[in-house]
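Structure data follow from structure_12.txt (compact mmCIF, N, CA and C atoms):
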```txt
# COMPACT_ATOMS: atom_id res chain seq x y z
N MET A 15 -7.48 -16.05 0.32
CA MET A 15 -7.89 -15.26 -0.83
C MET A 15 -9.08 -14.40 -0.42
N ASN A 16 -9.03 -13.15 -0.85
CA ASN A 16 -10.16 -12.28 -0.55
C ASN A 16 -10.99 -12.08 -1.82
N ALA A 17 -12.07 -11.36 -1.68
CA ALA A 17 -13.00 -11.17 -2.79
C ALA A 17 -12.35 -10.41 -3.95
N ARG A 18 -11.45 -9.48 -3.65
CA ARG A 18 -10.80 -8.71 -4.71
C ARG A 18 -9.94 -9.62 -5.58
N THR A 19 -9.22 -10.54 -4.98
CA THR A 19 -8.37 -11.46 -5.74
C THR A 19 -9.21 -12.38 -6.61
N ILE A 20 -10.27 -12.91 -6.04
CA ILE A 20 -11.16 -13.80 -6.79
C ILE A 20 -11.84 -13.04 -7.91
N GLY A 21 -12.28 -11.81 -7.64
CA GLY A 21 -12.93 -10.99 -8.66
C GLY A 21 -12.01 -10.67 -9.82
N THR A 22 -10.74 -10.39 -9.52
CA THR A 22 -9.77 -10.09 -10.57
C THR A 22 -9.53 -11.32 -11.45
N ALA A 23 -9.42 -12.48 -10.83
CA ALA A 23 -9.22 -13.72 -11.60
C ALA A 23 -10.44 -14.02 -12.47
N LEU A 24 -11.63 -13.82 -11.92
CA LEU A 24 -12.85 -14.06 -12.70
C LEU A 24 -12.98 -13.07 -13.85
N ALA A 25 -12.59 -11.82 -13.63
CA ALA A 25 -12.63 -10.82 -14.70
C ALA A 25 -11.66 -11.20 -15.82
N GLY A 26 -10.49 -11.72 -15.47
CA GLY A 26 -9.54 -12.17 -16.48
C GLY A 26 -10.08 -13.34 -17.28
N LEU A 27 -10.70 -14.28 -16.59
CA LEU A 27 -11.31 -15.41 -17.28
C LEU A 27 -12.43 -14.97 -18.20
N ALA A 28 -13.26 -14.01 -17.73
CA ALA A 28 -14.35 -13.50 -18.56
C ALA A 28 -13.81 -12.79 -19.79
N LEU A 29 -12.70 -12.08 -19.64
CA LEU A 29 -12.08 -11.39 -20.77
C LEU A 29 -11.59 -12.40 -21.81
N VAL A 30 -10.96 -13.46 -21.35
CA VAL A 30 -10.50 -14.51 -22.28
C VAL A 30 -11.68 -15.18 -22.95
N ALA A 31 -12.75 -15.46 -22.19
CA ALA A 31 -13.94 -16.09 -22.77
C ALA A 31 -14.60 -15.17 -23.80
N ALA A 32 -14.65 -13.88 -23.50
CA ALA A 32 -15.23 -12.93 -24.46
C ALA A 32 -14.37 -12.86 -25.72
N GLY A 33 -13.07 -12.93 -25.56
CA GLY A 33 -12.17 -12.95 -26.72
C GLY A 33 -12.42 -14.18 -27.59
N TRP A 34 -12.61 -15.33 -26.94
CA TRP A 34 -12.89 -16.57 -27.68
C TRP A 34 -14.22 -16.47 -28.40
N ALA A 35 -15.23 -15.96 -27.71
CA ALA A 35 -16.56 -15.86 -28.30
C ALA A 35 -16.58 -14.87 -29.46
N GLY A 36 -15.82 -13.80 -29.36
CA GLY A 36 -15.85 -12.78 -30.39
C GLY A 36 -14.95 -13.05 -31.58
N TRP A 37 -13.71 -13.48 -31.33
CA TRP A 37 -12.74 -13.61 -32.42
C TRP A 37 -11.98 -14.93 -32.42
N GLY A 38 -12.37 -15.89 -31.65
CA GLY A 38 -11.71 -17.20 -31.66
C GLY A 38 -10.34 -17.12 -31.00
N TRP A 39 -9.38 -17.86 -31.59
CA TRP A 39 -8.04 -17.91 -30.99
C TRP A 39 -7.34 -16.56 -31.02
N GLY A 40 -7.62 -15.75 -32.01
CA GLY A 40 -7.04 -14.41 -32.07
C GLY A 40 -7.52 -13.56 -30.89
N GLY A 41 -8.78 -13.70 -30.53
CA GLY A 41 -9.33 -12.98 -29.38
C GLY A 41 -8.72 -13.46 -28.07
N VAL A 42 -8.51 -14.78 -27.97
CA VAL A 42 -7.87 -15.32 -26.78
C VAL A 42 -6.44 -14.78 -26.66
N ALA A 43 -5.72 -14.75 -27.78
CA ALA A 43 -4.34 -14.24 -27.76
C ALA A 43 -4.32 -12.75 -27.38
N LEU A 44 -5.28 -11.97 -27.91
CA LEU A 44 -5.36 -10.55 -27.60
C LEU A 44 -5.68 -10.34 -26.11
N ALA A 45 -6.64 -11.08 -25.59
CA ALA A 45 -7.01 -10.96 -24.17
C ALA A 45 -5.87 -11.40 -23.27
N ALA A 46 -5.23 -12.51 -23.59
CA ALA A 46 -4.11 -13.00 -22.78
C ALA A 46 -2.94 -12.01 -22.84
N GLY A 47 -2.70 -11.44 -24.01
CA GLY A 47 -1.63 -10.43 -24.13
C GLY A 47 -1.92 -9.20 -23.28
N GLY A 48 -3.18 -8.78 -23.26
CA GLY A 48 -3.57 -7.64 -22.43
C GLY A 48 -3.40 -7.93 -20.95
N ILE A 49 -3.77 -9.13 -20.54
CA ILE A 49 -3.64 -9.52 -19.14
C ILE A 49 -2.16 -9.58 -18.74
N VAL A 50 -1.33 -10.16 -19.59
CA VAL A 50 0.10 -10.23 -19.31
C VAL A 50 0.70 -8.83 -19.23
N MET A 51 0.30 -7.93 -20.12
CA MET A 51 0.80 -6.56 -20.09
C MET A 51 0.40 -5.87 -18.79
N TRP A 52 -0.83 -6.06 -18.35
CA TRP A 52 -1.32 -5.49 -17.10
C TRP A 52 -0.50 -6.01 -15.91
N MET A 53 -0.23 -7.32 -15.91
CA MET A 53 0.56 -7.91 -14.83
C MET A 53 1.99 -7.38 -14.86
N LEU A 54 2.58 -7.21 -16.03
CA LEU A 54 3.93 -6.68 -16.13
C LEU A 54 4.00 -5.22 -15.66
N LEU A 55 2.99 -4.42 -15.94
CA LEU A 55 2.96 -3.05 -15.46
C LEU A 55 2.94 -3.00 -13.93
N HIS A 56 2.13 -3.85 -13.32
CA HIS A 56 2.06 -3.90 -11.86
C HIS A 56 3.36 -4.42 -11.25
N PHE A 57 3.96 -5.42 -11.89
CA PHE A 57 5.22 -5.94 -11.40
C PHE A 57 6.32 -4.89 -11.50
N ASN A 58 6.32 -4.14 -12.61
CA ASN A 58 7.31 -3.09 -12.81
C ASN A 58 7.17 -2.01 -11.73
N ARG A 59 5.93 -1.63 -11.40
CA ARG A 59 5.71 -0.63 -10.34
C ARG A 59 6.20 -1.16 -9.00
N LEU A 60 5.90 -2.41 -8.70
CA LEU A 60 6.33 -3.03 -7.45
C LEU A 60 7.86 -3.00 -7.33
N VAL A 61 8.55 -3.38 -8.38
CA VAL A 61 10.01 -3.42 -8.35
C VAL A 61 10.58 -2.01 -8.19
N LYS A 62 10.01 -1.03 -8.89
CA LYS A 62 10.50 0.35 -8.80
C LYS A 62 10.31 0.91 -7.39
N VAL A 63 9.16 0.68 -6.79
CA VAL A 63 8.89 1.17 -5.43
C VAL A 63 9.86 0.52 -4.44
N LEU A 64 10.08 -0.77 -4.57
CA LEU A 64 10.99 -1.46 -3.65
C LEU A 64 12.44 -1.07 -3.88
N GLN A 65 12.82 -0.75 -5.12
CA GLN A 65 14.17 -0.25 -5.38
C GLN A 65 14.40 1.08 -4.67
N ARG A 66 13.43 1.98 -4.76
CA ARG A 66 13.56 3.28 -4.09
C ARG A 66 13.59 3.09 -2.58
N ALA A 67 12.77 2.19 -2.07
CA ALA A 67 12.72 1.95 -0.62
C ALA A 67 14.00 1.33 -0.10
N SER A 68 14.69 0.57 -0.93
CA SER A 68 15.91 -0.09 -0.47
C SER A 68 17.06 0.89 -0.24
N LYS A 69 16.94 2.09 -0.78
CA LYS A 69 18.01 3.08 -0.66
C LYS A 69 17.82 4.01 0.53
N ARG A 70 16.80 3.79 1.35
CA ARG A 70 16.54 4.65 2.51
C ARG A 70 16.46 3.81 3.77
N PRO A 71 16.67 4.44 4.92
CA PRO A 71 16.58 3.70 6.18
C PRO A 71 15.15 3.22 6.46
N VAL A 72 15.04 2.09 7.11
CA VAL A 72 13.73 1.53 7.46
C VAL A 72 13.04 2.44 8.46
N GLY A 73 11.78 2.75 8.18
CA GLY A 73 10.99 3.55 9.11
C GLY A 73 11.22 5.04 9.02
N PHE A 74 11.84 5.54 7.96
CA PHE A 74 12.11 6.97 7.83
C PHE A 74 11.21 7.57 6.76
N CYS A 75 10.73 8.80 7.00
CA CYS A 75 10.02 9.55 5.98
C CYS A 75 10.48 11.00 6.05
N ASP A 76 10.30 11.73 4.97
CA ASP A 76 10.74 13.12 4.94
C ASP A 76 9.95 13.99 5.91
N SER A 77 8.62 13.85 5.92
CA SER A 77 7.77 14.65 6.80
C SER A 77 6.57 13.81 7.23
N ALA A 78 6.49 13.54 8.52
CA ALA A 78 5.38 12.75 9.04
C ALA A 78 4.06 13.51 8.91
N VAL A 79 4.10 14.82 9.05
CA VAL A 79 2.89 15.63 8.94
C VAL A 79 2.33 15.57 7.52
N MET A 80 3.20 15.67 6.52
CA MET A 80 2.75 15.57 5.13
C MET A 80 2.26 14.17 4.80
N LEU A 81 2.92 13.16 5.34
CA LEU A 81 2.45 11.79 5.14
C LEU A 81 1.06 11.63 5.74
N ASN A 82 0.85 12.15 6.92
CA ASN A 82 -0.46 12.07 7.57
C ASN A 82 -1.53 12.73 6.71
N ALA A 83 -1.20 13.85 6.08
CA ALA A 83 -2.17 14.56 5.24
C ALA A 83 -2.48 13.80 3.95
N LYS A 84 -1.52 13.03 3.44
CA LYS A 84 -1.71 12.32 2.18
C LYS A 84 -2.38 10.96 2.34
N LEU A 85 -2.39 10.40 3.53
CA LEU A 85 -2.96 9.07 3.73
C LEU A 85 -4.47 9.08 3.57
N GLN A 86 -4.98 8.00 3.00
CA GLN A 86 -6.42 7.83 2.83
C GLN A 86 -6.78 6.40 3.23
N PRO A 87 -7.94 6.21 3.82
CA PRO A 87 -8.32 4.85 4.20
C PRO A 87 -8.50 3.96 2.97
N GLY A 88 -8.07 2.71 3.09
CA GLY A 88 -8.24 1.75 2.02
C GLY A 88 -7.07 1.61 1.08
N VAL A 89 -6.06 2.50 1.16
CA VAL A 89 -4.91 2.34 0.27
C VAL A 89 -4.08 1.15 0.74
N ASN A 90 -3.35 0.54 -0.17
CA ASN A 90 -2.58 -0.64 0.22
C ASN A 90 -1.19 -0.25 0.73
N LEU A 91 -0.51 -1.21 1.30
CA LEU A 91 0.81 -0.98 1.88
C LEU A 91 1.80 -0.51 0.83
N LEU A 92 1.73 -1.03 -0.38
CA LEU A 92 2.64 -0.61 -1.44
C LEU A 92 2.48 0.88 -1.73
N HIS A 93 1.26 1.39 -1.69
CA HIS A 93 1.02 2.81 -1.93
C HIS A 93 1.67 3.67 -0.84
N VAL A 94 1.58 3.23 0.41
CA VAL A 94 2.19 3.97 1.52
C VAL A 94 3.71 3.92 1.40
N ILE A 95 4.26 2.78 1.01
CA ILE A 95 5.70 2.68 0.81
C ILE A 95 6.14 3.60 -0.33
N ALA A 96 5.33 3.71 -1.37
CA ALA A 96 5.65 4.62 -2.47
C ALA A 96 5.62 6.07 -2.00
N LEU A 97 4.68 6.42 -1.11
CA LEU A 97 4.62 7.79 -0.58
C LEU A 97 5.84 8.13 0.26
N THR A 98 6.27 7.20 1.10
CA THR A 98 7.38 7.46 2.02
C THR A 98 8.73 7.16 1.40
N ARG A 99 8.75 6.34 0.37
CA ARG A 99 9.98 5.86 -0.27
C ARG A 99 10.87 5.13 0.72
N ALA A 100 10.23 4.47 1.70
CA ALA A 100 10.97 3.66 2.68
C ALA A 100 10.03 2.60 3.24
N LEU A 101 10.61 1.47 3.61
CA LEU A 101 9.83 0.45 4.30
C LEU A 101 9.52 0.94 5.71
N GLY A 102 8.39 0.54 6.24
CA GLY A 102 8.02 0.95 7.58
C GLY A 102 8.67 0.07 8.63
N GLU A 103 8.83 0.64 9.82
CA GLU A 103 9.34 -0.12 10.96
C GLU A 103 8.20 -0.98 11.49
N ALA A 104 8.36 -2.29 11.45
CA ALA A 104 7.30 -3.20 11.87
C ALA A 104 7.14 -3.18 13.39
N LEU A 105 5.92 -2.93 13.85
CA LEU A 105 5.62 -2.92 15.27
C LEU A 105 4.82 -4.14 15.70
N SER A 106 4.26 -4.86 14.76
CA SER A 106 3.47 -6.05 15.07
C SER A 106 4.27 -7.30 14.72
N PRO A 107 3.90 -8.43 15.31
CA PRO A 107 4.59 -9.68 14.95
C PRO A 107 4.38 -10.03 13.48
N LYS A 108 5.34 -10.71 12.91
CA LYS A 108 5.29 -11.06 11.49
C LYS A 108 4.09 -11.95 11.19
N ASP A 109 3.45 -11.69 10.05
CA ASP A 109 2.31 -12.48 9.55
C ASP A 109 1.15 -12.54 10.52
N GLU A 110 0.91 -11.47 11.23
CA GLU A 110 -0.20 -11.43 12.18
C GLU A 110 -1.04 -10.19 11.90
N GLU A 111 -2.36 -10.36 11.87
CA GLU A 111 -3.27 -9.23 11.63
C GLU A 111 -3.61 -8.57 12.94
N PRO A 112 -3.75 -7.27 13.02
CA PRO A 112 -3.43 -6.29 12.01
C PRO A 112 -1.92 -6.04 11.95
N GLU A 113 -1.46 -5.63 10.78
CA GLU A 113 -0.05 -5.27 10.62
C GLU A 113 0.10 -3.79 10.98
N VAL A 114 1.08 -3.49 11.81
CA VAL A 114 1.30 -2.12 12.26
C VAL A 114 2.72 -1.71 11.90
N PHE A 115 2.84 -0.56 11.21
CA PHE A 115 4.13 -0.03 10.80
C PHE A 115 4.22 1.42 11.22
N ARG A 116 5.47 1.90 11.45
CA ARG A 116 5.68 3.29 11.84
C ARG A 116 6.76 3.90 10.95
N TRP A 117 6.51 5.17 10.56
CA TRP A 117 7.47 5.98 9.84
C TRP A 117 7.75 7.22 10.67
N THR A 118 9.03 7.56 10.85
CA THR A 118 9.44 8.69 11.68
C THR A 118 10.27 9.65 10.84
N ASP A 119 10.10 10.95 11.06
CA ASP A 119 10.90 11.94 10.33
C ASP A 119 12.05 12.44 11.19
N ALA A 120 12.83 13.37 10.66
CA ALA A 120 14.02 13.87 11.37
C ALA A 120 13.65 14.65 12.63
N GLY A 121 12.45 15.21 12.70
CA GLY A 121 12.02 15.97 13.87
C GLY A 121 11.37 15.12 14.93
N ALA A 122 11.46 13.81 14.85
CA ALA A 122 10.90 12.84 15.79
C ALA A 122 9.39 12.73 15.74
N SER A 123 8.73 13.35 14.76
CA SER A 123 7.31 13.11 14.55
C SER A 123 7.16 11.77 13.84
N SER A 124 6.10 11.06 14.14
CA SER A 124 5.94 9.74 13.53
C SER A 124 4.49 9.49 13.17
N VAL A 125 4.30 8.62 12.18
CA VAL A 125 2.98 8.17 11.78
C VAL A 125 2.96 6.65 11.94
N THR A 126 1.99 6.17 12.73
CA THR A 126 1.82 4.74 12.94
C THR A 126 0.59 4.30 12.15
N CYS A 127 0.77 3.33 11.25
CA CYS A 127 -0.31 2.89 10.36
C CYS A 127 -0.70 1.45 10.68
N GLU A 128 -2.00 1.20 10.66
CA GLU A 128 -2.53 -0.15 10.89
C GLU A 128 -3.18 -0.65 9.61
N PHE A 129 -2.75 -1.83 9.17
CA PHE A 129 -3.26 -2.43 7.94
C PHE A 129 -3.97 -3.73 8.26
N ARG A 130 -5.14 -3.91 7.69
CA ARG A 130 -5.87 -5.19 7.77
C ARG A 130 -6.05 -5.69 6.34
N GLU A 131 -5.64 -6.93 6.11
CA GLU A 131 -5.67 -7.55 4.79
C GLU A 131 -4.97 -6.67 3.75
N GLY A 132 -3.88 -6.02 4.18
CA GLY A 132 -3.07 -5.22 3.28
C GLY A 132 -3.60 -3.83 3.00
N ARG A 133 -4.71 -3.45 3.62
CA ARG A 133 -5.33 -2.14 3.38
C ARG A 133 -5.27 -1.28 4.64
N LEU A 134 -5.01 0.01 4.47
CA LEU A 134 -4.91 0.94 5.59
C LEU A 134 -6.28 1.17 6.21
N VAL A 135 -6.39 0.92 7.52
CA VAL A 135 -7.65 1.14 8.21
C VAL A 135 -7.56 2.26 9.24
N ARG A 136 -6.39 2.49 9.81
CA ARG A 136 -6.24 3.50 10.85
C ARG A 136 -4.80 3.97 10.89
N TRP A 137 -4.62 5.26 11.18
CA TRP A 137 -3.27 5.79 11.35
C TRP A 137 -3.29 6.88 12.39
N GLN A 138 -2.11 7.10 12.98
CA GLN A 138 -1.99 8.07 14.07
C GLN A 138 -0.70 8.86 13.89
N LEU A 139 -0.83 10.19 13.99
CA LEU A 139 0.31 11.08 13.93
C LEU A 139 0.72 11.43 15.34
N LEU A 140 1.98 11.19 15.67
CA LEU A 140 2.52 11.56 16.98
C LEU A 140 3.58 12.63 16.78
N ARG A 141 3.39 13.77 17.45
CA ARG A 141 4.34 14.87 17.35
C ARG A 141 4.94 15.11 18.73
N PRO A 142 6.27 15.30 18.78
CA PRO A 142 6.88 15.57 20.08
C PRO A 142 6.42 16.93 20.59
N GLY A 143 6.18 17.01 21.90
CA GLY A 143 5.73 18.27 22.48
C GLY A 143 6.40 18.51 23.81
N GLU A 144 5.88 19.48 24.55
CA GLU A 144 6.45 19.80 25.86
C GLU A 144 6.16 18.69 26.86
N GLY A 145 4.99 18.05 26.75
CA GLY A 145 4.61 16.98 27.68
C GLY A 145 5.32 15.69 27.37
N ALA A 146 5.12 14.72 28.23
CA ALA A 146 5.78 13.42 28.05
C ALA A 146 5.21 12.68 26.84
N GLU A 147 3.90 12.82 26.60
CA GLU A 147 3.29 12.08 25.51
C GLU A 147 3.39 12.82 24.17
N GLY A 148 3.40 14.14 24.21
CA GLY A 148 3.36 14.90 22.98
C GLY A 148 1.92 14.97 22.49
N ALA A 149 1.72 15.49 21.30
CA ALA A 149 0.38 15.61 20.73
C ALA A 149 0.13 14.44 19.79
N ALA A 150 -1.06 13.86 19.89
CA ALA A 150 -1.41 12.72 19.04
C ALA A 150 -2.67 13.04 18.26
N VAL A 151 -2.66 12.72 16.98
CA VAL A 151 -3.83 12.88 16.12
C VAL A 151 -4.08 11.54 15.47
N GLU A 152 -5.29 11.00 15.64
CA GLU A 152 -5.60 9.68 15.08
C GLU A 152 -6.72 9.81 14.06
N ARG A 153 -6.58 9.13 12.94
CA ARG A 153 -7.60 9.10 11.92
C ARG A 153 -7.84 7.67 11.51
N SER A 154 -9.05 7.38 11.07
CA SER A 154 -9.37 6.02 10.66
C SER A 154 -10.29 6.05 9.46
N ALA A 155 -10.57 4.87 8.93
CA ALA A 155 -11.44 4.75 7.76
C ALA A 155 -12.85 5.19 8.09
N ALA A 156 -13.29 5.07 9.32
CA ALA A 156 -14.65 5.44 9.70
C ALA A 156 -14.87 6.95 9.65
N GLU A 157 -13.81 7.74 9.73
CA GLU A 157 -13.94 9.20 9.74
C GLU A 157 -14.14 9.79 8.37
N ARG A 158 -13.81 9.05 7.32
CA ARG A 158 -13.94 9.60 5.96
C ARG A 158 -15.17 9.15 5.28
```
Reformat the file's structure so that it appears as structure tokens.
Amino acid sequence: MNARTIGTALAGLALVAAGWAGWGWGGVALAAGGIVMWMLLHFNRLVKVLQRASKRPVGFCDSAVMLNAKLQPGVNLLHVIALTRALGEALSPKDEEPEVFRWTDAGASSVTCEFREGRLVRWQLLRPGEGAEGAAVERSAAER
């Protein structure tokens, strides 16, 4: 568990406690209903993103250059999957930090993303060129 998960749980508990202190059982029901609605909205987004991703090939994106321009440090893996509308090609061993995924477009340009604790920390755009390596552009959270 990281601090964000613990903080979210504590905020939910504080909301329920404030509901109890302010309006009794009605406040608890209102706070719990709000929390359940929030969880259902997030679950609905997760399912929709994964439905769209299931209809495309693994590791494919429309434009690697546009994906590179849209990426920002700190976004989660679900956000990147929503941008590409495809699951990334896993380059790292399963359940091992950092997680590394690659998305490639039809022109053989690719973006390799590194995630730590589910958050984007570094990414690299590789474009095919005349040389053997091609051109590489790397960006990380430290640059922003």
Sphere at (-0.5, 2.6, 8.4), radius 9 Å, counting only C-alpha atoms: residues as a PDB file with N, CA and C atoms, in the coordinates of the input:
```pdb
ATOM      1  N   LEU A  85      -2.390  10.400   3.530  1.00  0.00           N
ATOM      2  CA  LEU A  85      -2.960   9.070   3.730  1.00  0.00           C
ATOM      3  C   LEU A  85      -4.470   9.080   3.570  1.00  0.00           C
ATOM      4  N   LEU A  91      -0.510  -1.210   1.300  1.00  0.00           N
ATOM      5  CA  LEU A  91       0.810  -0.980   1.880  1.00  0.00           C
ATOM      6  C   LEU A  91       1.800  -0.510   0.830  1.00  0.00           C
ATOM      7  N   VAL A  94       1.580   3.230   0.410  1.00  0.00           N
ATOM      8  CA  VAL A  94       2.190   3.970   1.520  1.00  0.00           C
ATOM      9  C   VAL A  94       3.710   3.920   1.400  1.00  0.00           C
ATOM     10  N   GLY A 102       8.390   0.540   6.240  1.00  0.00           N
ATOM     11  CA  GLY A 102       8.020   0.950   7.580  1.00  0.00           C
ATOM     12  C   GLY A 102       8.670   0.070   8.630  1.00  0.00           C
ATOM     13  N   GLU A 113      -1.460  -5.630  10.780  1.00  0.00           N
ATOM     14  CA  GLU A 113      -0.050  -5.270  10.620  1.00  0.00           C
ATOM     15  C   GLU A 113       0.100  -3.790  10.980  1.00  0.00           C
ATOM     16  N   VAL A 114       1.080  -3.490  11.810  1.00  0.00           N
ATOM     17  CA  VAL A 114       1.300  -2.120  12.260  1.00  0.00           C
ATOM     18  C   VAL A 114       2.720  -1.710  11.900  1.00  0.00           C
ATOM     19  N   PHE A 115       2.840  -0.560  11.210  1.00  0.00           N
ATOM     20  CA  PHE A 115       4.130  -0.030  10.800  1.00  0.00           C
ATOM     21  C   PHE A 115       4.220   1.420  11.220  1.00  0.00           C
ATOM     22  N   ARG A 116       5.470   1.900  11.450  1.00  0.00           N
ATOM     23  CA  ARG A 116       5.680   3.290  11.840  1.00  0.00           C
ATOM     24  C   ARG A 116       6.760   3.900  10.950  1.00  0.00           C
ATOM     25  N   TRP A 117       6.510   5.170  10.560  1.00  0.00           N
ATOM     26  CA  TRP A 117       7.470   5.980   9.840  1.00  0.00           C
ATOM     27  C   TRP A 117       7.750   7.220  10.670  1.00  0.00           C
ATOM     28  N   VAL A 125       4.300   8.620  12.180  1.00  0.00           N
ATOM     29  CA  VAL A 125       2.980   8.170  11.780  1.00  0.00           C
ATOM     30  C   VAL A 125       2.960   6.650  11.940  1.00  0.00           C
ATOM     31  N   THR A 126       1.990   6.170  12.730  1.00  0.00           N
ATOM     32  CA  THR A 126       1.820   4.740  12.940  1.00  0.00           C
ATOM     33  C   THR A 126       0.590   4.300  12.150  1.00  0.00           C
ATOM     34  N   CYS A 127       0.770   3.330  11.250  1.00  0.00           N
ATOM     35  CA  CYS A 127      -0.310   2.890  10.360  1.00  0.00           C
ATOM     36  C   CYS A 127      -0.700   1.450  10.680  1.00  0.00           C
ATOM     37  N   GLU A 128      -2.000   1.200  10.660  1.00  0.00           N
ATOM     38  CA  GLU A 128      -2.530  -0.150  10.890  1.00  0.00           C
ATOM     39  C   GLU A 128      -3.180  -0.650   9.610  1.00  0.00           C
ATOM     40  N   PHE A 129      -2.750  -1.830   9.170  1.00  0.00           N
ATOM     41  CA  PHE A 129      -3.260  -2.430   7.940  1.00  0.00           C
ATOM     42  C   PHE A 129      -3.970  -3.730   8.260  1.00  0.00           C
ATOM     43  N   ARG A 133      -4.710  -3.450   3.620  1.00  0.00           N
ATOM     44  CA  ARG A 133      -5.330  -2.140   3.380  1.00  0.00           C
ATOM     45  C   ARG A 133      -5.270  -1.280   4.640  1.00  0.00           C
ATOM     46  N   LEU A 134      -5.010   0.010   4.470  1.00  0.00           N
ATOM     47  CA  LEU A 134      -4.910   0.940   5.590  1.00  0.00           C
ATOM     48  C   LEU A 134      -6.280   1.170   6.210  1.00  0.00           C
ATOM     49  N   VAL A 135      -6.390   0.920   7.520  1.00  0.00           N
ATOM     50  CA  VAL A 135      -7.650   1.140   8.210  1.00  0.00           C
ATOM     51  C   VAL A 135      -7.560   2.260   9.240  1.00  0.00           C
ATOM     52  N   ARG A 136      -6.390   2.490   9.810  1.00  0.00           N
ATOM     53  CA  ARG A 136      -6.240   3.500  10.850  1.00  0.00           C
ATOM     54  C   ARG A 136      -4.800   3.970  10.890  1.00  0.00           C
ATOM     55  N   TRP A 137      -4.620   5.260  11.180  1.00  0.00           N
ATOM     56  CA  TRP A 137      -3.270   5.790  11.350  1.00  0.00           C
ATOM     57  C   TRP A 137      -3.290   6.880  12.390  1.00  0.00           C
ATOM     58  N   GLN A 138      -2.110   7.100  12.980  1.00  0.00           N
ATOM     59  CA  GLN A 138      -1.990   8.070  14.070  1.00  0.00           C
ATOM     60  C   GLN A 138      -0.700   8.860  13.890  1.00  0.00           C
TER      61      GLN A 138
END
```
From the options A:Thr118, A:Ser68, A:Asn90, A:Thr98, which residue's atoms come nearest to Arg141 (chain A), counting only C-alpha atoms?
A:Thr118
What's the separation between CA of Lys108 (chain A) and CA of Met53 (chain A), in Å to one decimal place?
26.9 Å
Among the residues of region 64-121 of chain A, find those DSSP assigns to alpha helix (DSSP H) from the backbone and print them as a tab-separated table (two decimals) with N, CA and C atoms, keeping the file's coordinate frame.
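Dumped everything to selection38.tsv:
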```tsv
chain	number	residue	atom	x	y	z
A	64	LEU	N	10.08	-0.77	-4.57
A	64	LEU	CA	10.99	-1.46	-3.65
A	64	LEU	C	12.44	-1.07	-3.88
A	65	GLN	N	12.82	-0.75	-5.12
A	65	GLN	CA	14.17	-0.25	-5.38
A	65	GLN	C	14.40	1.08	-4.67
A	66	ARG	N	13.43	1.98	-4.76
A	66	ARG	CA	13.56	3.28	-4.09
A	66	ARG	C	13.59	3.09	-2.58
A	67	ALA	N	12.77	2.19	-2.07
A	67	ALA	CA	12.72	1.95	-0.62
A	67	ALA	C	14.00	1.33	-0.10
A	68	SER	N	14.69	0.57	-0.93
A	68	SER	CA	15.91	-0.09	-0.47
A	68	SER	C	17.06	0.89	-0.24
A	78	ALA	N	6.49	13.54	8.52
A	78	ALA	CA	5.38	12.75	9.04
A	78	ALA	C	4.06	13.51	8.91
A	79	VAL	N	4.10	14.82	9.05
A	79	VAL	CA	2.89	15.63	8.94
A	79	VAL	C	2.33	15.57	7.52
A	80	MET	N	3.20	15.67	6.52
A	80	MET	CA	2.75	15.57	5.13
A	80	MET	C	2.26	14.17	4.80
A	81	LEU	N	2.92	13.16	5.34
A	81	LEU	CA	2.45	11.79	5.14
A	81	LEU	C	1.06	11.63	5.74
A	82	ASN	N	0.85	12.15	6.92
A	82	ASN	CA	-0.46	12.07	7.57
A	82	ASN	C	-1.53	12.73	6.71
A	83	ALA	N	-1.20	13.85	6.08
A	83	ALA	CA	-2.17	14.56	5.24
A	83	ALA	C	-2.48	13.80	3.95
A	84	LYS	N	-1.52	13.03	3.44
A	84	LYS	CA	-1.71	12.32	2.18
A	84	LYS	C	-2.38	10.96	2.34
A	91	LEU	N	-0.51	-1.21	1.30
A	91	LEU	CA	0.81	-0.98	1.88
A	91	LEU	C	1.80	-0.51	0.83
A	92	LEU	N	1.73	-1.03	-0.38
A	92	LEU	CA	2.64	-0.61	-1.44
A	92	LEU	C	2.48	0.88	-1.73
A	93	HIS	N	1.26	1.39	-1.69
A	93	HIS	CA	1.02	2.81	-1.93
A	93	HIS	C	1.67	3.67	-0.84
A	94	VAL	N	1.58	3.23	0.41
A	94	VAL	CA	2.19	3.97	1.52
A	94	VAL	C	3.71	3.92	1.40
A	95	ILE	N	4.26	2.78	1.01
A	95	ILE	CA	5.70	2.68	0.81
A	95	ILE	C	6.14	3.60	-0.33
A	96	ALA	N	5.33	3.71	-1.37
A	96	ALA	CA	5.65	4.62	-2.47
A	96	ALA	C	5.62	6.07	-2.00
A	97	LEU	N	4.68	6.42	-1.11
A	97	LEU	CA	4.62	7.79	-0.58
A	97	LEU	C	5.84	8.13	0.26
A	98	THR	N	6.27	7.20	1.10
A	98	THR	CA	7.38	7.46	2.02
A	98	THR	C	8.73	7.16	1.40
```
Please report the interatomic distance between CA of His93 (chain A) and CA of Gly132 (chain A) in Å with one decimal.
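Distance reported for this atom pair: 10.4 Å.
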Spatial sel., origin (-10.6, -12.6, 2.2), limit 12 Å, only C-alpha atoms, listed as an MDAnalysis selection string
chainID A and resid 15:21 130:133
Computed gap from CA of Pro142 (chain A) to atom C of Gly88 (chain A) is 27.4 Å
When DSSP is applied to the backbone of this structure, which of region 66-104 of chain A are assigned strand (DSSP E or B)? Write them out as number ranges by chain.
A: 74, 90, 103-104
Surrounding residues of Leu60 (chain A) excluding itself and chain neighbours under 6 positions, 10 Å, only C-alpha atoms, as a list of chain:residue names
A:Leu54, A:Leu92, A:His93, A:Ala96
